[in-house]
Amino acid sequence: MTSVLSFPEADLPERLGPPATLDAAQQEAADELLNGPRRGVYGPFRPLLHRPPLLRAVAKVGESLRYEGTLDAALREWTICVVARELSNVFEWDMHLPLAAAAGVPSTALAALDAGQPLQDDLRADLRLARIVAHELINQHRLSDKTYAEALQQWGEPTVVELLTLVGYFAMVCWLMNVARTPGPAT
């Protein structure tokens, strides 16, 4: 799918890229990423390499959400795509779009999300609700009573907490990369 998502800084040089020379702590943090589930220093970890303790903490939260979470893959990857689209972050969009498709998120839903169009009526209820939750959190900084009640009914408290944390985590790394002008995964 060719994305209609625009990245406002696409033609501008990266800022807050990885340090030109790594000190011992930065090299150790980079090695941990290279030898961990990510197998590389990319995306938000490029700017985070400036602060190894912060990099480790952020990486651990991301690993918990992606590799130890309880959300099914379609819900998790869809929600990440929603956040990336809401925040115009090409890195996370390009990284998670194929994962969402592979997890069974319908291509028509991904295309509608990409174009900012309404979702089709037959989309899974949990995916539709996750888009509303992410949109409200990012744009209103909270959930309406109606959305909160629907989320509790759909998922229960533990899953609501995980979903809210997923949205917050990916909003944080998207904002960091947007400021840093972190290149997309293909760059």
# chains A, B, ... in the order shown; residues from 1 in each chain; ligands from 1
>>> select_by_dssp(residues="segment 1-170 of chain A", states="helix (DSSP H, G or I)", output="number ranges by chain")
A: 24-35, 45-48, 52-67, 73-86, 90-102, 107-115, 125-140, 145-155, 157-170
>>> closest_atom_pairs(of="segment 43-67 of chain A", to="segment 18-28 of chain A", cutoff="12 Å", atoms="only C-alpha atoms", output="CSV")
residue,atom,partner,partner_atom,distance
A:Gly43,CA,A:Pro18,CA,10.4
A:Pro44,CA,A:Pro18,CA,10.0
A:Phe45,CA,A:Pro18,CA,8.1
A:Arg46,CA,A:Pro18,CA,4.8
A:Pro47,CA,A:Pro18,CA,5.5
A:Leu48,CA,A:Pro18,CA,7.7
A:Leu49,CA,A:Pro18,CA,5.9
A:His50,CA,A:Pro19,CA,6.5
A:Arg51,CA,A:Gln26,CA,7.5
A:Pro52,CA,A:Gln26,CA,5.6
A:Pro53,CA,A:Ala25,CA,8.8
A:Leu54,CA,A:Gln26,CA,11.0
A:Leu55,CA,A:Gln26,CA,9.4
A:Arg56,CA,A:Glu28,CA,10.4
>>> atom_distance(atom1="atom CA of Tyr148 of chain A", atom2="atom CA of Leu129 of chain A")
10.0 Å
>>> residues_around(residues="segment 78-92 of chain A", least_positions_apart="2", cutoff="9 Å", atoms="only C-alpha atoms", output="PyMOL selection string")
chain A and resi 5-8+43+73-76+94-97+99-101+103+105+110+113-114+116+127+130-131+134-135+138-139+163+166-168+170-171+173-175+177-178+182-186
>>> residues_around(residues="segment 119-122 of chain A", least_positions_apart="4", cutoff="8 Å", atoms="only C-alpha atoms", output="list of chain:residue names")
A:Thr108, A:Ala109, A:Ala112, A:Leu113, A:Arg128
>>> write_last_selection(atoms="N, CA, C and O atoms", output="tab-separated table (two decimals), in the first residue's frame")
chain	number	residue	atom	x	y	z
A	108	THR	N	-8.60	-2.90	4.00
A	108	THR	CA	-9.52	-1.77	3.82
A	108	THR	C	-9.53	-0.86	5.04
A	108	THR	O	-9.63	0.36	4.92
A	109	ALA	N	-9.39	-1.45	6.24
A	109	ALA	CA	-9.34	-0.65	7.46
A	109	ALA	C	-8.03	0.14	7.52
A	109	ALA	O	-8.04	1.32	7.88
A	112	ALA	N	-8.30	3.00	5.06
A	112	ALA	CA	-9.18	4.06	5.58
A	112	ALA	C	-8.45	4.85	6.67
A	112	ALA	O	-8.53	6.08	6.70
A	113	LEU	N	-7.74	4.16	7.53
A	113	LEU	CA	-6.96	4.83	8.58
A	113	LEU	C	-5.92	5.75	7.95
A	113	LEU	O	-5.78	6.90	8.33
A	128	ARG	N	-12.35	-1.07	16.15
A	128	ARG	CA	-13.07	0.20	16.02
A	128	ARG	C	-12.96	1.01	17.33
A	128	ARG	O	-12.66	2.19	17.32
>>> closest_residue(among="A:Leu176, A:Leu164, A:Ala125, A:Val61", to="Leu143 of chain A", atoms="only C-alpha atoms")
A:Leu164
>>> atom_distance(atom1="atom CA of Ser144 of chain A", atom2="atom CA of Glu162 of chain A")
17.9 Å
>>> closest_residue(among="A:Leu71, A:Glu14, A:Asn35, A:Ala57", to="Trp155 of chain A", atoms="only C-alpha atoms")
A:Leu71
>>> closest_residue(among="A:Arg124, A:Lys146, A:Arg15, A:Arg38", to="Glu63 of chain A", atoms="only C-alpha atoms")
A:Arg38
>>> decode(residues="segment 8-24 of chain A", atoms="all heavy atoms", output="short mmCIF file (atom, residue, chain, number, x, y, z; two decimals), in the first residue's frame")
data_model
loop_
_atom_site.label_atom_id
_atom_site.label_comp_id
_atom_site.auth_asym_id
_atom_site.auth_seq_id
_atom_site.Cartn_x
_atom_site.Cartn_y
_atom_site.Cartn_z
N PRO A 8 6.04 15.78 7.87
CA PRO A 8 6.36 17.18 7.60
C PRO A 8 7.85 17.47 7.45
O PRO A 8 8.24 18.36 6.71
CB PRO A 8 5.78 17.92 8.80
CG PRO A 8 4.71 17.03 9.31
CD PRO A 8 5.18 15.63 9.04
N GLU A 9 8.70 16.70 8.13
CA GLU A 9 10.14 16.95 8.10
C GLU A 9 10.88 16.02 7.14
O GLU A 9 12.10 15.90 7.21
CB GLU A 9 10.73 16.80 9.51
CG GLU A 9 10.20 17.82 10.50
CD GLU A 9 8.87 17.41 11.13
OE1 GLU A 9 8.45 16.25 10.99
OE2 GLU A 9 8.22 18.28 11.74
N ALA A 10 10.17 15.38 6.22
CA ALA A 10 10.77 14.33 5.39
C ALA A 10 12.02 14.78 4.64
O ALA A 10 12.95 14.00 4.46
CB ALA A 10 9.74 13.80 4.40
N ASP A 11 12.07 15.99 4.19
CA ASP A 11 13.22 16.45 3.41
C ASP A 11 14.26 17.20 4.25
O ASP A 11 15.23 17.72 3.71
CB ASP A 11 12.75 17.34 2.26
CG ASP A 11 11.87 16.57 1.28
OD1 ASP A 11 12.15 15.37 1.05
OD2 ASP A 11 10.92 17.16 0.76
N LEU A 12 14.05 17.23 5.54
CA LEU A 12 14.98 17.94 6.42
C LEU A 12 15.96 16.95 7.04
O LEU A 12 15.65 15.77 7.22
CB LEU A 12 14.20 18.66 7.52
CG LEU A 12 13.22 19.73 7.03
CD1 LEU A 12 12.40 20.26 8.20
CD2 LEU A 12 13.95 20.85 6.32
N PRO A 13 17.15 17.40 7.41
CA PRO A 13 18.13 16.48 7.98
C PRO A 13 17.72 16.01 9.38
O PRO A 13 17.06 16.74 10.12
CB PRO A 13 19.41 17.32 8.04
CG PRO A 13 18.95 18.73 8.06
CD PRO A 13 17.66 18.76 7.27
N GLU A 14 18.13 14.81 9.69
CA GLU A 14 17.90 14.26 11.03
C GLU A 14 18.61 15.14 12.06
O GLU A 14 19.71 15.64 11.83
CB GLU A 14 18.43 12.83 11.11
CG GLU A 14 18.22 12.17 12.45
CD GLU A 14 18.73 10.74 12.50
OE1 GLU A 14 19.62 10.38 11.71
OE2 GLU A 14 18.25 9.99 13.35
N ARG A 15 17.94 15.33 13.18
CA ARG A 15 18.58 15.97 14.32
C ARG A 15 18.36 15.03 15.50
O ARG A 15 17.41 14.25 15.50
CB ARG A 15 18.03 17.37 14.57
CG ARG A 15 16.53 17.43 14.73
CD ARG A 15 16.03 18.86 14.79
NE ARG A 15 14.59 18.84 15.00
CZ ARG A 15 13.82 19.90 14.88
NH1 ARG A 15 14.34 21.06 14.55
NH2 ARG A 15 12.53 19.82 15.09
N LEU A 16 19.20 15.10 16.45
CA LEU A 16 19.17 14.15 17.57
C LEU A 16 19.39 12.72 17.10
O LEU A 16 18.82 11.78 17.64
CB LEU A 16 17.87 14.24 18.36
CG LEU A 16 17.65 15.46 19.22
CD1 LEU A 16 16.28 15.40 19.90
CD2 LEU A 16 18.73 15.58 20.27
N GLY A 17 20.20 12.57 16.06
CA GLY A 17 20.59 11.22 15.65
C GLY A 17 21.52 10.65 16.70
O GLY A 17 21.83 11.29 17.71
N PRO A 18 21.98 9.44 16.49
CA PRO A 18 22.90 8.85 17.47
C PRO A 18 24.18 9.68 17.58
O PRO A 18 24.59 10.32 16.61
CB PRO A 18 23.17 7.46 16.92
CG PRO A 18 22.67 7.44 15.53
CD PRO A 18 21.74 8.59 15.35
N PRO A 19 24.81 9.66 18.75
CA PRO A 19 26.07 10.39 18.90
C PRO A 19 27.10 9.91 17.87
O PRO A 19 27.14 8.73 17.52
CB PRO A 19 26.53 10.04 20.32
CG PRO A 19 25.30 9.57 21.02
CD PRO A 19 24.42 8.96 19.98
N ALA A 20 27.92 10.83 17.39
CA ALA A 20 28.95 10.48 16.40
C ALA A 20 29.94 9.47 16.96
O ALA A 20 30.38 8.56 16.26
CB ALA A 20 29.67 11.74 15.94
N THR A 21 30.28 9.63 18.23
CA THR A 21 31.18 8.71 18.92
C THR A 21 30.48 8.26 20.19
O THR A 21 29.98 9.08 20.95
CB THR A 21 32.51 9.41 19.28
OG1 THR A 21 33.07 9.96 18.09
CG2 THR A 21 33.48 8.44 19.92
N LEU A 22 30.45 6.96 20.41
CA LEU A 22 29.77 6.42 21.59
C LEU A 22 30.74 6.28 22.75
O LEU A 22 31.85 5.75 22.59
CB LEU A 22 29.16 5.06 21.27
CG LEU A 22 28.16 4.98 20.12
CD1 LEU A 22 27.62 3.56 19.99
CD2 LEU A 22 27.02 5.97 20.30
N ASP A 23 30.30 6.74 23.92
CA ASP A 23 31.10 6.47 25.12
C ASP A 23 30.79 5.04 25.56
O ASP A 23 29.97 4.34 24.95
CB ASP A 23 30.85 7.52 26.20
CG ASP A 23 29.44 7.53 26.77
OD1 ASP A 23 28.73 6.50 26.71
OD2 ASP A 23 29.02 8.59 27.29
N ALA A 24 31.43 4.59 26.63
CA ALA A 24 31.27 3.20 27.06
C ALA A 24 29.82 2.86 27.40
O ALA A 24 29.32 1.78 27.02
CB ALA A 24 32.18 2.92 28.26
#
